[in-house]
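Novice: Sharing protein25.cif (mmCIF, C-alpha atoms and all ligand atoms) below.
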```cif
data_structure
loop_
_atom_site.label_atom_id
_atom_site.label_comp_id
_atom_site.auth_asym_id
_atom_site.auth_seq_id
_atom_site.Cartn_x
_atom_site.Cartn_y
_atom_site.Cartn_z
CA MET N 1 -8.61 19.54 31.20
CA ALA N 2 -11.59 21.25 29.66
CA VAL N 3 -14.39 19.01 30.85
CA ASP N 4 -17.89 20.01 31.82
CA THR N 5 -17.42 20.52 35.52
CA GLN N 6 -18.44 24.17 35.27
CA GLU N 7 -21.69 23.66 37.09
CA ARG N 8 -20.05 22.17 40.18
CA PRO N 9 -22.12 23.17 43.21
CA SER N 10 -20.46 25.24 45.93
CA ALA N 11 -18.44 23.35 48.52
CA SER N 12 -20.98 24.05 51.31
CA ALA N 13 -23.53 21.86 49.57
CA SER N 14 -22.88 18.76 51.64
CA THR N 15 -24.99 19.49 54.76
CA ASP N 16 -28.67 19.24 53.83
CA ALA N 17 -30.61 16.70 51.82
CA PRO N 18 -31.44 18.64 48.60
CA ALA N 19 -27.81 19.63 48.26
CA GLN N 20 -26.76 16.01 48.51
CA GLN N 21 -29.07 15.31 45.68
CA GLU N 22 -27.26 17.98 43.72
CA GLY N 23 -23.99 16.35 44.63
CA ARG N 24 -25.06 13.15 43.05
CA VAL N 25 -25.95 14.84 39.78
CA GLN N 26 -22.60 16.52 39.94
CA ARG N 27 -20.84 13.22 40.29
CA TYR N 28 -22.51 12.03 37.15
CA ARG N 29 -21.38 15.17 35.32
CA ILE N 30 -17.80 14.62 36.31
CA ARG N 31 -18.14 11.14 34.95
CA THR N 32 -19.38 12.33 31.56
CA GLY N 33 -16.48 14.74 31.38
CA MET N 34 -14.03 12.12 32.57
CA PHE N 35 -15.33 9.66 30.03
CA ALA N 36 -15.10 12.21 27.20
CA TRP N 37 -11.56 12.99 28.25
CA MET N 38 -10.49 9.36 28.55
CA MET N 39 -11.89 8.59 25.12
CA HIS N 40 -10.09 11.62 23.74
CA ARG N 41 -6.85 10.31 25.18
CA LEU N 42 -7.49 6.76 23.95
CA THR N 43 -8.39 7.84 20.40
CA GLY N 44 -5.43 10.27 20.35
CA VAL N 45 -2.95 7.54 21.23
CA GLY N 46 -4.65 5.15 18.83
CA LEU N 47 -4.28 7.67 16.02
CA VAL N 48 -0.58 8.10 16.77
CA VAL N 49 -0.15 4.33 16.48
CA TYR N 50 -2.03 4.35 13.17
CA LEU N 51 0.05 7.29 11.92
CA VAL N 52 3.31 5.45 12.65
CA ILE N 53 2.15 2.33 10.77
CA HIS N 54 0.71 4.48 7.97
CA ILE N 55 3.90 6.46 7.31
CA TRP N 56 5.96 3.30 7.55
CA GLY N 57 3.68 1.58 5.03
CA LEU N 58 3.80 4.53 2.65
CA THR N 59 7.46 3.88 1.86
CA ALA N 60 5.69 1.63 -0.68
CA LEU N 61 5.09 4.80 -2.71
CA THR N 62 8.59 4.38 -4.15
CA ASP N 63 7.70 1.07 -5.83
CA PRO N 64 4.54 0.37 -7.91
CA GLU N 65 4.34 -3.36 -7.09
CA THR N 66 4.68 -2.83 -3.36
CA PHE N 67 2.22 0.04 -3.37
CA ASN N 68 -0.40 -2.00 -5.26
CA ALA N 69 0.02 -4.82 -2.76
CA LEU N 70 -0.41 -2.36 0.11
CA ILE N 71 -3.58 -0.77 -1.27
CA ALA N 72 -4.99 -4.20 -2.17
CA LYS N 73 -4.56 -5.06 1.50
CA TYR N 74 -6.56 -1.96 2.40
CA HIS N 75 -9.46 -3.67 0.57
CA SER N 76 -9.49 -6.82 2.69
CA PRO N 77 -12.62 -7.39 4.82
CA LEU N 78 -10.72 -6.91 8.07
CA PHE N 79 -9.28 -3.64 6.90
CA LYS N 80 -12.73 -2.38 5.90
CA VAL N 81 -13.76 -2.89 9.52
CA GLY N 82 -10.57 -1.15 10.64
CA GLU N 83 -11.23 1.69 8.24
CA PHE N 84 -14.61 2.25 9.85
CA ALA N 85 -13.11 2.09 13.34
CA LEU N 86 -10.45 4.58 12.27
CA LEU N 87 -13.13 6.98 11.08
CA VAL N 88 -15.02 6.65 14.37
CA ALA N 89 -11.82 7.45 16.29
CA VAL N 90 -10.92 10.40 14.05
CA ALA N 91 -14.44 11.84 14.09
CA TYR N 92 -14.72 11.56 17.86
CA HIS N 93 -11.27 12.99 18.53
CA ALA N 94 -11.72 15.81 16.03
CA MET N 95 -15.13 16.91 17.29
CA ASN N 96 -14.24 16.60 20.97
CA GLY N 97 -11.00 18.46 20.20
CA LEU N 98 -12.99 21.18 18.47
CA ARG N 99 -15.23 21.40 21.54
CA ILE N 100 -12.17 21.87 23.76
CA VAL N 101 -10.72 24.52 21.44
CA LEU N 102 -14.01 26.44 21.27
CA ILE N 103 -14.37 26.40 25.04
CA ASP N 104 -10.74 27.44 25.61
CA PHE N 105 -10.49 30.11 22.94
CA LEU N 106 -13.96 31.51 22.67
CA GLY N 107 -15.01 30.96 26.26
CA TRP N 108 -18.13 29.07 25.31
CA SER N 109 -18.52 27.53 28.75
CA PRO N 110 -22.08 28.74 29.39
CA LYS N 111 -23.18 26.98 26.23
CA GLN N 112 -21.35 23.75 27.04
CA LYS N 113 -24.37 21.49 27.11
CA LYS N 114 -25.69 22.73 23.81
CA LEU N 115 -22.24 22.56 22.25
CA PHE N 116 -21.78 19.01 23.53
CA TRP N 117 -24.97 17.72 21.95
CA THR N 118 -24.62 19.71 18.73
CA LEU N 119 -21.14 18.35 18.11
CA GLY N 120 -22.35 14.91 19.14
CA ALA N 121 -24.94 15.06 16.36
CA VAL N 122 -22.34 16.32 13.87
CA THR N 123 -20.06 13.43 14.84
CA ALA N 124 -22.86 10.94 14.21
CA VAL N 125 -23.48 12.41 10.75
CA ILE N 126 -19.75 12.30 9.89
CA ILE N 127 -19.56 8.65 10.94
CA LEU N 128 -22.65 7.64 8.97
CA VAL N 129 -21.90 9.58 5.78
CA GLY N 130 -18.13 9.07 5.89
CA GLY N 131 -18.38 5.45 6.95
CA TRP N 132 -20.91 4.43 4.32
CA PRO N 133 -18.27 3.37 1.74
CA SER N 134 -16.77 0.89 4.23
CA LEU N 135 -20.15 -0.44 5.36
CA TYR N 136 -21.34 -0.65 1.76
CA ALA N 137 -18.21 -2.59 0.75
CA LEU N 138 -18.63 -5.01 3.65
CA GLY N 139 -22.32 -5.50 2.96
CA GLU N 140 -21.76 -6.18 -0.75
CA TRP N 141 -19.17 -8.75 0.12
CA LEU N 142 -21.21 -10.43 2.85
CA PHE N 143 -24.65 -10.43 1.19
CA GLY N 144 -23.73 -10.42 -2.49
CA PRO N 145 -23.52 -7.75 -5.22
CA GLY N 146 -26.45 -5.35 -5.38
CA SER N 147 -27.61 -6.10 -1.85
CA MET N 148 -26.66 -2.69 -0.48
CA PRO N 149 -28.19 0.68 -1.42
CA THR N 150 -25.57 2.90 -3.07
CA PHE N 151 -27.10 6.20 -1.88
CA PHE N 152 -24.62 8.95 -2.72
CA LEU N 153 -21.65 6.75 -3.62
CA MET K 1 8.55 20.01 32.39
CA ALA K 2 10.04 22.25 29.75
CA GLN K 3 7.49 21.21 27.17
CA THR K 4 4.39 22.10 29.09
CA ASN K 5 4.61 25.79 28.40
CA ALA K 6 1.91 28.09 27.11
CA LEU K 7 3.26 28.33 23.58
CA ASN K 8 3.21 24.57 23.07
CA TRP K 9 -0.21 24.34 24.64
CA PHE K 10 -1.40 26.99 22.20
CA LEU K 11 0.32 25.31 19.25
CA HIS K 12 -1.34 22.01 20.07
CA ARG K 13 -4.75 23.64 19.74
CA ILE K 14 -3.75 25.31 16.49
CA THR K 15 -2.38 22.09 14.97
CA GLY K 16 -5.53 20.27 16.08
CA THR K 17 -7.71 22.83 14.29
CA PHE K 18 -5.55 22.60 11.15
CA LEU K 19 -5.83 18.82 11.23
CA ILE K 20 -9.61 19.03 10.91
CA PHE K 21 -9.29 20.66 7.49
CA MET K 22 -6.39 18.49 6.35
CA LEU K 23 -8.09 15.26 7.41
CA ILE K 24 -11.26 16.25 5.54
CA THR K 25 -9.18 16.80 2.39
CA HIS K 26 -7.26 13.56 2.91
CA PHE K 27 -10.43 11.61 3.50
CA TRP K 28 -12.13 13.04 0.43
CA VAL K 29 -9.16 12.28 -1.81
CA GLN K 30 -8.56 8.74 -0.51
CA HIS K 31 -12.15 7.52 -0.17
CA TYR K 32 -14.71 9.65 -1.98
CA ASP K 33 -13.49 11.34 -5.15
CA HIS K 34 -14.36 8.98 -8.03
CA GLN K 35 -11.28 9.84 -10.05
CA ALA K 36 -8.62 10.18 -7.37
CA ALA K 37 -9.67 7.88 -4.50
CA SER K 38 -7.10 5.14 -3.91
CA VAL K 39 -9.55 3.05 -1.90
CA THR K 40 -12.70 1.82 -3.66
CA HIS K 41 -16.02 0.52 -2.31
CA GLU K 42 -14.94 -3.03 -2.85
CA VAL K 43 -13.65 -5.93 -0.81
CA VAL K 44 -10.77 -7.93 -2.28
CA THR K 45 -9.87 -11.32 -0.84
CA GLU K 46 -7.81 -13.14 -3.47
CA LYS K 47 -4.07 -12.80 -3.26
CA GLY K 48 -2.75 -10.61 -6.07
CA GLU K 49 -6.24 -9.41 -7.01
CA MET K 50 -6.60 -5.65 -7.54
CA PRO K 51 -9.66 -3.55 -6.68
CA ASP K 52 -11.73 -2.41 -9.66
CA TYR K 53 -11.78 1.37 -10.09
CA PRO K 54 -14.74 3.54 -11.17
CA GLU K 55 -15.03 4.84 -14.76
CA GLU K 56 -13.78 8.31 -13.77
CA ALA K 57 -10.54 6.85 -12.42
CA LYS K 58 -10.07 4.63 -15.48
CA ALA K 59 -10.63 7.57 -17.82
CA GLY K 60 -8.21 9.73 -15.84
CA VAL K 61 -5.45 7.14 -15.83
CA ARG K 62 -5.89 6.35 -19.56
CA ALA K 63 -5.88 10.02 -20.50
CA ARG K 64 -2.56 10.37 -18.74
CA TYR K 65 -0.75 7.08 -19.37
CA GLY K 66 -2.25 5.92 -22.66
CA GLU K 67 -5.26 3.82 -23.73
CA ASP K 68 -3.81 0.48 -22.62
CA ALA K 69 -2.42 1.67 -19.30
CA GLU K 70 -3.21 -0.61 -16.37
CA VAL K 71 -5.55 0.95 -13.84
CA THR K 72 -3.96 -0.10 -10.56
CA PRO K 73 -3.85 1.74 -7.22
CA TYR K 74 -0.39 3.10 -8.06
CA GLN K 75 -1.54 4.76 -11.28
CA VAL K 76 -4.63 6.17 -9.62
CA VAL K 77 -2.56 7.83 -6.90
CA MET K 78 0.09 8.97 -9.41
CA GLN K 79 -2.55 11.01 -11.22
CA ARG K 80 -1.91 13.51 -8.44
CA LEU K 81 1.65 12.77 -7.37
CA ASP K 82 3.29 12.94 -10.80
CA ASP K 83 1.00 15.54 -12.34
CA PRO K 84 3.15 18.04 -14.25
CA VAL K 85 1.43 20.99 -12.62
CA TYR K 86 -0.28 19.95 -9.40
CA ALA K 87 2.17 17.35 -8.11
CA VAL K 88 4.13 20.08 -6.34
CA LEU K 89 1.00 21.26 -4.58
CA TRP K 90 -0.04 17.74 -3.57
CA LYS K 91 3.41 16.90 -2.31
CA GLY K 92 3.48 20.21 -0.47
CA PHE K 93 0.11 19.47 1.09
CA ASN K 94 1.24 16.00 2.13
CA ILE K 95 4.42 17.31 3.74
CA LEU K 96 2.53 20.00 5.63
CA PHE K 97 0.01 17.39 6.74
CA LEU K 98 2.86 15.11 7.79
CA VAL K 99 4.56 17.83 9.87
CA VAL K 100 1.36 18.99 11.55
CA ALA K 101 0.10 15.47 12.29
CA LEU K 102 3.45 14.38 13.72
CA HIS K 103 3.78 17.49 15.89
CA HIS K 104 0.25 17.22 17.22
CA GLY K 105 0.40 13.47 17.73
CA PHE K 106 3.79 13.28 19.40
CA TYR K 107 3.29 16.36 21.54
CA GLY K 108 0.03 14.79 22.70
CA LEU K 109 1.73 11.47 23.28
CA ASN K 110 4.32 13.20 25.45
CA ASN K 111 1.56 14.80 27.53
CA VAL K 112 0.09 11.37 28.12
CA MET K 113 3.44 9.80 28.97
CA THR K 114 4.25 12.61 31.40
CA ASP K 115 1.05 11.79 33.25
CA TYR K 116 1.96 8.14 33.73
CA ILE K 117 5.74 8.18 34.03
CA ARG K 118 6.63 9.65 37.42
CA ASP K 119 10.38 9.21 37.32
CA PRO K 120 12.24 12.23 35.78
CA MET K 121 14.82 10.00 34.12
CA GLY K 122 12.11 7.81 32.66
CA ARG K 123 10.34 10.89 31.32
CA LEU K 124 13.50 12.12 29.68
CA ILE K 125 14.10 8.77 28.01
CA ALA K 126 10.49 8.50 26.84
CA ARG K 127 10.66 12.02 25.47
CA ALA K 128 13.94 11.47 23.65
CA LEU K 129 12.80 8.16 22.18
CA SER K 130 9.43 9.45 21.02
CA TRP K 131 10.80 12.57 19.34
CA THR K 132 13.53 10.51 17.68
CA LEU K 133 10.81 8.27 16.27
CA ALA K 134 8.90 11.33 15.09
CA LEU K 135 11.97 12.73 13.37
CA GLY K 136 12.64 9.39 11.70
CA LEU K 137 9.06 9.25 10.45
CA LEU K 138 9.32 12.82 9.19
CA ILE K 139 12.38 11.95 7.11
CA ILE K 140 10.93 8.67 5.81
CA GLY K 141 7.57 10.28 5.04
CA MET K 142 9.11 13.22 3.21
CA TYR K 143 11.32 10.91 1.22
CA SER K 144 8.42 8.67 0.12
CA VAL K 145 6.10 11.45 -0.88
CA ILE K 146 8.71 13.59 -2.64
CA THR K 147 10.23 10.76 -4.69
CA ALA K 148 6.86 9.17 -5.54
CA GLY K 149 6.45 9.30 -9.34
CA TRP K 150 9.54 11.50 -9.81
C1 LIG A 201 -8.80 16.08 13.59
C2 LIG A 201 -8.46 17.13 14.24
C3 LIG A 201 -7.92 17.10 15.65
C4 LIG A 201 -8.29 17.99 16.62
C5 LIG A 201 -9.30 19.15 16.49
C6 LIG A 201 -7.54 17.64 17.80
C7 LIG A 201 -7.60 18.35 18.99
C8 LIG A 201 -6.93 18.02 20.13
C9 LIG A 201 -6.90 18.82 21.34
C10 LIG A 201 -7.60 20.15 21.54
C11 LIG A 201 -6.14 18.15 22.24
C12 LIG A 201 -5.80 18.60 23.65
C13 LIG A 201 -6.71 17.99 24.65
C14 LIG A 201 -6.45 18.51 26.03
O1 LIG A 201 -5.55 19.35 26.22
O2 LIG A 201 -7.16 18.07 26.95
C15 LIG A 201 -5.71 16.91 21.61
C16 LIG A 201 -4.93 15.95 22.23
C17 LIG A 201 -4.33 14.89 21.56
N1 LIG A 201 -4.41 14.59 20.21
FE1 LIG A 201 -5.56 15.56 18.88
N2 LIG A 201 -6.74 16.55 17.54
C18 LIG A 201 -6.94 16.19 16.22
C19 LIG A 201 -6.30 15.14 15.55
C20 LIG A 201 -5.35 14.29 16.10
C21 LIG A 201 -4.59 13.29 15.35
C22 LIG A 201 -4.70 13.03 13.84
C23 LIG A 201 -3.79 12.66 16.27
C24 LIG A 201 -2.81 11.54 16.05
C25 LIG A 201 -1.92 11.54 15.12
C26 LIG A 201 -4.05 13.24 17.57
C27 LIG A 201 -3.43 12.88 18.76
C28 LIG A 201 -3.63 13.48 19.97
C29 LIG A 201 -3.04 13.03 21.22
C30 LIG A 201 -2.11 11.82 21.41
C31 LIG A 201 -3.49 13.93 22.21
C32 LIG A 201 -3.13 13.89 23.72
C33 LIG A 201 -4.29 13.37 24.52
C34 LIG A 201 -4.20 13.73 25.97
O3 LIG A 201 -3.38 14.56 26.37
O4 LIG A 201 -5.02 13.19 26.73
N3 LIG A 201 -4.98 14.24 17.43
N4 LIG A 201 -6.19 16.86 20.31
C1 LIG A 202 -7.94 4.34 5.67
C2 LIG A 202 -7.72 5.59 5.61
C3 LIG A 202 -6.51 6.18 4.89
C4 LIG A 202 -6.02 5.88 3.64
C5 LIG A 202 -6.54 4.88 2.62
C6 LIG A 202 -4.86 6.73 3.45
C7 LIG A 202 -4.06 6.72 2.30
C8 LIG A 202 -2.97 7.52 2.08
C9 LIG A 202 -2.19 7.53 0.86
C10 LIG A 202 -2.44 6.66 -0.36
C11 LIG A 202 -1.20 8.46 1.02
C12 LIG A 202 -0.12 8.80 0.00
C13 LIG A 202 -0.10 10.22 -0.43
C14 LIG A 202 -1.23 10.63 -1.34
O1 LIG A 202 -1.98 9.76 -1.83
O2 LIG A 202 -1.41 11.84 -1.54
C15 LIG A 202 -1.38 9.04 2.36
C16 LIG A 202 -0.58 10.01 2.94
C17 LIG A 202 -0.69 10.49 4.23
N1 LIG A 202 -1.66 10.14 5.17
FE1 LIG A 202 -3.15 8.82 4.87
N2 LIG A 202 -4.68 7.50 4.57
C18 LIG A 202 -5.66 7.20 5.47
C19 LIG A 202 -5.85 7.75 6.73
C20 LIG A 202 -4.99 8.65 7.34
C21 LIG A 202 -5.15 9.20 8.69
C22 LIG A 202 -6.29 8.84 9.65
C23 LIG A 202 -4.11 10.05 8.89
C24 LIG A 202 -3.81 10.90 10.12
C25 LIG A 202 -3.63 10.38 11.30
C26 LIG A 202 -3.30 10.05 7.68
C27 LIG A 202 -2.14 10.77 7.50
C28 LIG A 202 -1.41 10.82 6.34
C29 LIG A 202 -0.24 11.67 6.16
C30 LIG A 202 0.39 12.59 7.23
C31 LIG A 202 0.22 11.45 4.84
C32 LIG A 202 1.44 12.08 4.16
C33 LIG A 202 2.56 11.10 4.31
C34 LIG A 202 3.82 11.53 3.67
O3 LIG A 202 3.97 12.70 3.30
O4 LIG A 202 4.73 10.67 3.57
N3 LIG A 202 -3.87 9.18 6.77
N4 LIG A 202 -2.46 8.44 2.99
#
```
Take the structure in the file and give it back as C-alpha cells.
Ligand code: HEM
Ligand code: HEM
Specialist:
Amino acid sequence: MAVDTQERPSASASTDAPAQQEGRVQRYRIRTGMFAWMMHRLTGVGLVVYLVIHIWGLTALTDPETFNALIAKYHSPLFKVGEFALLVAVAYHAMNGLRIVLIDFLGWSPKQKKLFWTLGAVTAVIILVGGWPSLYALGEWLFGPGSMPTFFL
Amino acid sequence: MAQTNALNWFLHRITGTFLIFMLITHFWVQHYDHQAASVTHEVVTEKGEMPDYPEEAKAGVRARYGEDAEVTPYQVVMQRLDDPVYAVLWKGFNILFLVVALHHGFYGLNNVMTDYIRDPMGRLIARALSWTLALGLLIIGMYSVITAGW
C-alpha cells in the first residue's frame, strides 16, 4: 500500500510530551493515506461494476434500434448525474493511481506532499472541465434553454 | 496466492498507466468531439425521443450515408465503426481497451476479494467465478465491437 506514512516518527517517540504531539499528527497522516486508499478501492470496484454493465449494454451495437434506445437512455436526467459521478470516480482513481505508480516506480516519496496536492488540483480541473457537458445538460433541462453558459462546448 | 507475484503487480501498474491514455481518448470521442461524440449536451425525457446532434455530426453522417440519412446515435457511432479505412483502427483500439480494462479491473477485484475472503476454498471459487465473468465479457465485447457495422 503506497500511502503517505513515510514521515512516521521513530518508535521511541512515545515517552515525552512533544513526541506525543508528533504522534497525533502522525495518526492524522495515516488517516489521510487510509482514506485515499479506501476511496481508491471503492472507486476501483465501482468502475468494475460499471464496466460489466457497459460491456453487457454494448451488445446493442449489433442492432441499430437497440443501440439508439440505449444511447437515448444515456441522455436521461438520472444518467447525466451518473455520468458526472462516473467521471469523478474515474478522475480520482486515475490520478491517485498515477500517484501510486510515480511513487513506486520513480521513488518520488520525498516529494509526496507536493505530488499529492498537485495531482489533487489536476483532478479538480479534470472534473470541472470534463464534467461541464453533464452539468450543462442538467442545467439546461432544469432551468430552461439558454440558462447555462456554454463556455468551451 | 499464486496471483500476487511481482510480475502481476508490475502489470497492474502498467495497465493502469495505459488506461489513463485510453480513457482520455474514449472520453474525448464519446463526449467532446462535435462530429463523433455519441452523447450530446442534452437531456432527453420522452420515450422514443432521440438526442439532437450538433451540425458537425449531421454533416458527417450525411456525407457518408446520403442527404436524407437519419442522424441517430447509431449512425453517429458508425461514422467510426464502419469507416472503410479507420474502422479497423477503431475496432483495434476498442479491443485493446477492452483487454486492458478487463485485466486491470478483474486483477484489482481479485486483490480486494483476497483481502476479505479468508477461506482458501472461498478464494478459489471467487477467483474462478470472477475470471470466468471476465472471459465471458471479453468474448461478448469483442463480438459486439467487431460485428458493429460490418
Ligand atoms: C485510469 C487509469 C487507472 C490507473 C492509473 C489505475 C491505477 C491503479 C493502481 C496503481 C492500482 C493499485 C493500487 C494498489 O496497489 O494499492 C489500482 C487498483 C485497482 N484498480 Fe485501477 N487504475 C486505473 C483505472 C481503473 C479502471 C478503469 C478500473 C475498473 C475497470 C480499475 C479498477 C481497479 C481495482 C478494482 C483496483 C484494486 C483496488 C485495491 O486493490 O484496493 N482501475 N489502479
Ligand atoms: C458515460 C460514459 C461512457 C460512454 C457514453 C461510453 C460509450 C461507449 C460506446 C458508445 C462504445 C462503443 C464503441 C465505440 O463507440 O467506439 C464504448 C466502448 C467501450 N467502453 Fe465506453 N463509454 C463510457 C465510459 C466508459 C468507461 C468509464 C470505461 C472504462 C471503465 C469504458 C470502457 C469501454 C470499453 C472497454 C469499450 C470497448 C468495448 C468493446 O470492445 O466491446 N467506457 N463506450
Novice: Using all atoms listed in the file for the distances, tell me which of N:Phe143, N:Tyr50, N:Phe152, N:Phe35 is nearest to ligand LIG 201 (chain A).
Specialist: N:Tyr50
Novice: My list of candidates is K:Tyr32, K:Tyr74, K:Phe10, K:Trp150. Which is closest to Glu56 in chain K when distances are computed with all atoms listed in the file?
Specialist: K:Tyr32
Novice: Show me which bits of chain N are within 8 Å of chain K, counting all atoms listed in the file, as a PDB file with C-alpha atoms, in the frame of the given file.
Specialist:
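Listing of part-v8.pdb after writing:
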```pdb
ATOM      1  CA  ARG N  41      -6.850  10.310  25.180  1.00  0.00           C
ATOM      2  CA  GLY N  44      -5.430  10.270  20.350  1.00  0.00           C
ATOM      3  CA  VAL N  45      -2.950   7.540  21.230  1.00  0.00           C
ATOM      4  CA  LEU N  47      -4.280   7.670  16.020  1.00  0.00           C
ATOM      5  CA  VAL N  48      -0.580   8.100  16.770  1.00  0.00           C
ATOM      6  CA  VAL N  52       3.310   5.450  12.650  1.00  0.00           C
ATOM      7  CA  ILE N  55       3.900   6.460   7.310  1.00  0.00           C
ATOM      8  CA  TRP N  56       5.960   3.300   7.550  1.00  0.00           C
ATOM      9  CA  LEU N  58       3.800   4.530   2.650  1.00  0.00           C
ATOM     10  CA  THR N  59       7.460   3.880   1.860  1.00  0.00           C
ATOM     11  CA  ALA N  60       5.690   1.630  -0.680  1.00  0.00           C
ATOM     12  CA  LEU N  61       5.090   4.800  -2.710  1.00  0.00           C
ATOM     13  CA  THR N  62       8.590   4.380  -4.150  1.00  0.00           C
ATOM     14  CA  PRO N  64       4.540   0.370  -7.910  1.00  0.00           C
ATOM     15  CA  PHE N  67       2.220   0.040  -3.370  1.00  0.00           C
ATOM     16  CA  ASN N  68      -0.400  -2.000  -5.260  1.00  0.00           C
ATOM     17  CA  ALA N  69       0.020  -4.820  -2.760  1.00  0.00           C
ATOM     18  CA  ILE N  71      -3.580  -0.770  -1.270  1.00  0.00           C
ATOM     19  CA  ALA N  72      -4.990  -4.200  -2.170  1.00  0.00           C
ATOM     20  CA  LYS N  73      -4.560  -5.060   1.500  1.00  0.00           C
ATOM     21  CA  TYR N  74      -6.560  -1.960   2.400  1.00  0.00           C
ATOM     22  CA  HIS N  75      -9.460  -3.670   0.570  1.00  0.00           C
ATOM     23  CA  SER N  76      -9.490  -6.820   2.690  1.00  0.00           C
ATOM     24  CA  PRO N  77     -12.620  -7.390   4.820  1.00  0.00           C
ATOM     25  CA  LYS N  80     -12.730  -2.380   5.900  1.00  0.00           C
ATOM     26  CA  ALA N  94     -11.720  15.810  16.030  1.00  0.00           C
ATOM     27  CA  GLY N  97     -11.000  18.460  20.200  1.00  0.00           C
ATOM     28  CA  LEU N  98     -12.990  21.180  18.470  1.00  0.00           C
ATOM     29  CA  VAL N 101     -10.720  24.520  21.440  1.00  0.00           C
ATOM     30  CA  PRO N 133     -18.270   3.370   1.740  1.00  0.00           C
ATOM     31  CA  SER N 134     -16.770   0.890   4.230  1.00  0.00           C
ATOM     32  CA  TYR N 136     -21.340  -0.650   1.760  1.00  0.00           C
ATOM     33  CA  ALA N 137     -18.210  -2.590   0.750  1.00  0.00           C
ATOM     34  CA  LEU N 138     -18.630  -5.010   3.650  1.00  0.00           C
ATOM     35  CA  GLU N 140     -21.760  -6.180  -0.750  1.00  0.00           C
ATOM     36  CA  TRP N 141     -19.170  -8.750   0.120  1.00  0.00           C
ATOM     37  CA  LEU N 153     -21.650   6.750  -3.620  1.00  0.00           C
TER      38      LEU N 153
END
```
Novice: Can you report as JSON the centre and edge lengths in Å, to one decimal, of an axis-aligned box around the listed atoms of ligand LIG 202 (chain A) padded with 4 Å on each side?
Specialist:
```
{"center_x": -1.6, "center_y": 8.5, "center_z": 4.7, "size_x": 20.7, "size_y": 16.4, "size_z": 21.1}
```
Novice: If I take CA of Glu83 in chain N and atom C20 of ligand LIG 202 (chain A), how far is one from the other in Å, to one decimal?
Specialist: 9.4 Å
Novice: Mind pulling up the distance from CA of Val88 in chain N to CA of Gly131 in chain N?
Specialist: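 That distance, rounded to one decimal, is 8.2 Å.
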Novice: How close does each residue of chain N get to ligand LIG 201 (chain A), giving the shortest atom pair and distance in Å to one decimal for every residue with an atom at most 12 Å away, counting all atoms listed in the file, sorted by chain and residue number, as a tab-separated table?
Specialist:
```
residue	atom	partner	partner_atom	distance
N:Met1	CA	A:LIG201	O2	4.7
N:Ala2	CA	A:LIG201	O2	6.1
N:Val3	CA	A:LIG201	O2	8.3
N:Asp4	CA	A:LIG201	O2	11.9
N:Gly33	CA	A:LIG201	O2	10.8
N:Met34	CA	A:LIG201	O2	10.7
N:Phe35	CA	A:LIG201	O4	11.4
N:Ala36	CA	A:LIG201	O2	9.9
N:Trp37	CA	A:LIG201	O4	6.7
N:Met38	CA	A:LIG201	O4	6.9
N:Met39	CA	A:LIG201	O4	8.4
N:His40	CA	A:LIG201	O4	6.1
N:Arg41	CA	A:LIG201	O4	3.7
N:Leu42	CA	A:LIG201	C33	7.4
N:Thr43	CA	A:LIG201	C27	7.3
N:Gly44	CA	A:LIG201	C27	3.7
N:Val45	CA	A:LIG201	C30	4.4
N:Gly46	CA	A:LIG201	C24	7.2
N:Leu47	CA	A:LIG201	C24	4.1
N:Val48	CA	A:LIG201	C25	4.0
N:Val49	CA	A:LIG201	C25	7.5
N:Tyr50	CA	A:LIG201	C25	7.5
N:Leu51	CA	A:LIG201	C25	5.7
N:Val52	CA	A:LIG201	C25	8.4
N:Ile53	CA	A:LIG201	C25	11.0
N:His54	CA	A:LIG201	C25	10.4
N:Ile55	CA	A:LIG201	C25	11.0
N:Leu86	CA	A:LIG201	C22	10.3
N:Leu87	CA	A:LIG201	C1	10.4
N:Val88	CA	A:LIG201	C1	11.3
N:Ala89	CA	A:LIG201	C21	9.3
N:Val90	CA	A:LIG201	C1	6.1
N:Ala91	CA	A:LIG201	C1	7.1
N:Tyr92	CA	A:LIG201	C1	8.6
N:His93	CA	A:LIG201	N2	5.8
N:Ala94	CA	A:LIG201	C1	3.8
N:Met95	CA	A:LIG201	C5	6.3
N:Asn96	CA	A:LIG201	C5	7.1
N:Gly97	CA	A:LIG201	C7	3.6
N:Leu98	CA	A:LIG201	C5	4.7
N:Arg99	CA	A:LIG201	C10	7.7
N:Ile100	CA	A:LIG201	C10	5.4
N:Val101	CA	A:LIG201	C10	5.4
N:Leu102	CA	A:LIG201	C10	9.0
N:Ile103	CA	A:LIG201	C10	9.9
N:Asp104	CA	A:LIG201	C10	8.9
N:Phe105	CA	A:LIG201	C10	10.5
N:Leu119	CA	A:LIG201	C5	12.0
N:Thr123	CA	A:LIG201	C1	11.6
```
Novice: Could you please determine the separation between CA of Pro84 in chain K and atom C16 of ligand LIG 202 (chain A) in Å, to one decimal place?
Specialist: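 For CA of Pro84 in chain K relative to atom C16 of ligand LIG 202 (chain A), the distance reads 19.3 Å.
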Novice: Can you pull out the residues contacting Arg64 in chain K? Cut-off 9 Å, using all atoms listed in the file, and skip same-chain residues under 4 positions away; I want them as a PDB file with C-alpha atoms, keeping the file's coordinate frame.
Specialist:
```pdb
ATOM      1  CA  ALA K  59     -10.630   7.570 -17.820  1.00  0.00           C
ATOM      2  CA  GLY K  60      -8.210   9.730 -15.840  1.00  0.00           C
ATOM      3  CA  ALA K  69      -2.420   1.670 -19.300  1.00  0.00           C
ATOM      4  CA  GLN K  79      -2.550  11.010 -11.220  1.00  0.00           C
ATOM      5  CA  ASP K  83       1.000  15.540 -12.340  1.00  0.00           C
TER       6      ASP K  83
END
```
Novice: Pick out the closest residue to ligand LIG 202 (chain A) from this set: N:Thr32, N:Gly107, N:Gly130, N:Phe151. Count only C-alpha atoms and all ligand atoms.
Specialist: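 Looking at the shortest contact to ligand LIG 202 (chain A), the residue is N:Gly130.
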Novice: Just checking: using all atoms listed in the file, which residue out of K:Val88, K:Ser130, K:Phe97, K:Asp68 ends up closest to ligand LIG 202 (chain A)?
Specialist: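 Checking each of K:Val88, K:Ser130, K:Phe97, K:Asp68 against ligand LIG 202 (chain A), counting all atoms listed in the file, the winner is K:Phe97.
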